[in-house]
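Single-structure report; data block below.
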Amino acid sequence: MAWDNIPRIHCFSLGDLHEFDRCFFSFFVKHHLGKKYEVAEGNMSQAVGCLLDLAIKKLHQIRAYNQSPQYLQTLIKAAEREMREDIEKRGKNSFYGAQLEFLTPEVVSRAQEIFKKYMQQIAGKFKKLLLTEISQKQKPFWQRVISSTQDLKLWGGPDAIEIGEDGVPEVVDYKYFEDLERGKGNLDMDLMPKVYILLCAEDLKKSGFSKARFKIRFWEDPLNEDFYEEFDLTNAPNLENYLKDKIERILRTTEVSFCERDYCRVCKHPQKAEWLKQLAALGLVEHKV
Ligand SMILES: [Zn+2]
C-alpha cells in the first residue's frame, strides 16, 4: 500500500483519529510505533460485530439478495473462516487477531441468530450494493491523498456503498452493540460521516454521483433510519481541509499525556517506559522525566 511513498506515520484511518481523541499515549504507540493490532484487546461483542460486518460484505459480494435464510446463515460461517485464515496468515498483524480467543461456537451462533432476526425484520429486502470502481473489488479499500506540506493520506472504508430508496448512494457503516442504547448514545456522528464520505467521494463522483448519504445500520435495530447525514460531493474539498487541519494538529502534538484509565491497555502496559523511550528516540514525543 506504500506505492505512493507516503510514510505510514502520515496515513490515518478513522480509528487512528478516534484513538488520538481518547488517549495521546495510546495513539502514539498504536499509530506512530505501529502496534495497533499487537496491543488490541478483543471481546465477545467485537467478535460478533466482526462476523456480522464480514457476512454483509460477503452477501453484497456474491449478490445473495434472493437466497433462503438457511443459505444466508452460511455467510456467518464463511466470515468465521475468513477471520481465522487472516489470523493464520498475518499473525500479530491481523486486524482480527484480538478476536481469536472470542471466536467460540457460542459467538458464531449468536451472530447467526442476529443475522437471521435482521433479515426477518427487513423482510429479506437488503439494499443492493452500488457498483463503483472500488466497491466491486474483492477487498474494497478507499484512500484519499491530502496535499499538505507533506502529503497525508486518509485510508479505510465503510462496510458497503448501497443504493438508497431514492437512488442516492448510501455509504454505510453497520454497527453491533452489546448495549444498543448506550452504543447509540456514544456514536460519533461528527467525524465518522465526514471521514467515510471523503474516502468515497472520488469513487462516487467517477460513477456520476454528486450527492451521497452516510448512514448507520444497526444490526439489532434494522428499521432505524435516524442516524444519517447527507453530503454534496462537490463540497469534498471543504471536508478535506477540515480533516487536513485535524491531522496536522495531531502530527504537531509531541507532548505526551496518559489517560491512565484502568481499561487503557497501553497506559497500563509493562512496556510503557520502553515505548516512551522509542518514541523519544524517533523524535516523535518530548520525553520529560
Ligand atoms: Zn491511555
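Ligands are numbered from 1 in the order shown, chains are lettered A, B, ... in the order of the C-alpha cells, and residues start at 1 in each chain.
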Can you pull out every residue with an atom within 6 Å of ligand 1? Use only C-alpha atoms and all ligand atoms and format it as a VMD selection string. chain A and resid 23 25 to 26 258 to 260 264 266 to 267
Mind dumping the selected residues with C-alpha atoms as a compact mmCIF listing (two decimals), in the first residue's frame?
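Output saved as selection.txt:
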# COMPACT_ATOMS: atom_id res chain seq x y z
CA CYS A 23 -5.61 8.82 24.80
CA PHE A 25 -0.04 7.90 24.60
CA SER A 26 -2.13 5.02 23.31
CA PHE A 258 -1.64 9.43 29.61
CA CYS A 259 -5.32 8.76 30.12
CA GLU A 260 -4.42 6.31 32.94
CA CYS A 264 -6.33 1.52 28.79
CA VAL A 266 -1.34 0.96 26.58
CA CYS A 267 -1.14 3.28 29.63
Neighbouring residues of A:Met119 were defined as those with any atom within 10 Å, considering only C-alpha atoms; residues of the same chain fewer than 4 positions away were excluded. Please report them as a PyMOL selection string. chain A and resi 69+72+114-115+123-126+219+222
So that I have them on file, write out the residues from the current selection with N, CA and C atoms, as a tab-separated table (two decimals), in the first residue's frame.
chain	number	residue	atom	x	y	z
A	69	PRO	N	-33.05	-17.96	3.95
A	69	PRO	CA	-32.42	-17.67	5.24
A	69	PRO	C	-31.39	-18.73	5.63
A	72	LEU	N	-28.21	-18.01	3.89
A	72	LEU	CA	-27.53	-16.81	4.40
A	72	LEU	C	-26.80	-17.08	5.72
A	114	ILE	N	-28.55	-13.14	15.26
A	114	ILE	CA	-28.79	-11.72	14.99
A	114	ILE	C	-29.00	-11.48	13.50
A	115	PHE	N	-28.20	-12.15	12.69
A	115	PHE	CA	-28.30	-12.01	11.23
A	115	PHE	C	-29.69	-12.46	10.76
A	123	ALA	N	-37.67	-8.06	6.15
A	123	ALA	CA	-38.41	-8.94	5.23
A	123	ALA	C	-37.54	-9.34	4.04
A	124	GLY	N	-36.27	-9.58	4.31
A	124	GLY	CA	-35.36	-10.06	3.26
A	124	GLY	C	-34.99	-9.02	2.22
A	125	LYS	N	-35.43	-7.76	2.45
A	125	LYS	CA	-35.16	-6.74	1.42
A	125	LYS	C	-33.87	-5.97	1.74
A	126	PHE	N	-32.77	-6.60	1.40
A	126	PHE	CA	-31.48	-5.93	1.59
A	126	PHE	C	-31.33	-4.82	0.55
A	219	TRP	N	-27.39	-3.55	13.61
A	219	TRP	CA	-27.73	-4.97	13.46
A	219	TRP	C	-28.95	-5.35	14.29
A	222	PRO	N	-32.85	-2.90	12.77
A	222	PRO	CA	-32.70	-2.76	11.31
A	222	PRO	C	-33.56	-1.66	10.70
Find, counting only C-alpha atoms, the residue in A:Ala273, A:Leu52, A:Met44, A:Leu180 that gets nearest to A:Leu100.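 With only C-alpha atoms as the atom set, the closest residue is A:Met44.
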Need to verify the contact set: stretch 195-204 of chain A, 7 Å, only C-alpha atoms, exclusion of same-chain residues closer than 4 positions in sequence. Can you return it as a PyMOL selection string? chain A and resi 14+132-134+142-144+155+157-158+171+191+208-209+214+233+236+239-240
For A:Glu255, which of A:Leu276, A:Pro237, A:Lys184, A:Arg63 is the closest residue, counting only C-alpha atoms?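 Ranking A:Leu276, A:Pro237, A:Lys184, A:Arg63 by distance to A:Glu255, first place goes to A:Leu276.
Candidate residues A:Lys116, A:Arg8, A:Arg213, A:His32 were compared for distance to A:Gln278, and the nearest is A:His32, using only C-alpha atoms.
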Work out how far atom CA of A:Asp159 is from atom CA of A:Asp53, in Å to one decimal.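 Computing the Euclidean distance for atom CA of A:Asp53 and atom CA of A:Asp159 yields 6.7 Å.
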I need the residue nearest A:Val172 from this list: A:Arg217, A:Lys35, A:Arg84, A:Lys77. Use only C-alpha atoms for the distance.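 Checking each candidate against A:Val172, we get A:Arg217 as the closest.
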Rank A:Ser148, A:Ser68, A:Gln99, A:Thr74 by their smallest atom-to-atom distance to A:Asp86, using only C-alpha atoms, and report the top residue only. A:Gln99
Smallest atom-to-atom distance to A:Thr253: which of A:Tyr37, A:Gln271, A:Gly283, A:Thr234, using only C-alpha atoms?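 Of all the options, A:Gly283 lies closest to A:Thr253.
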Atom-to-atom span, atom CA of A:Phe28 and atom CA of A:Lys246, Å: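 Pair atom CA of A:Phe28 / atom CA of A:Lys246 returns 15.5 Å.
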Excluding A:Gln61 and its own-chain neighbours fewer than 5 positions away, which residues fall within 10 Å of it when counting only C-alpha atoms? Please give them as a ChimeraX atom specification. /A:55-56,129,135-139,160
Would you list the contacts of A:Met83 as a list in words, taking every protein, DNA or RNA residue within 10 Å and counting only C-alpha atoms, but skipping same-chain residues closer than 3 positions in sequence? Ala47, Cys50, Leu51, Leu54, Lys77, Ala78, Ala79, Glu80, Asp86, Ile87, Glu88, Lys89, Ser94, Phe95, Tyr96, Gly97, Gln99, Leu100 and Leu103 of chain A
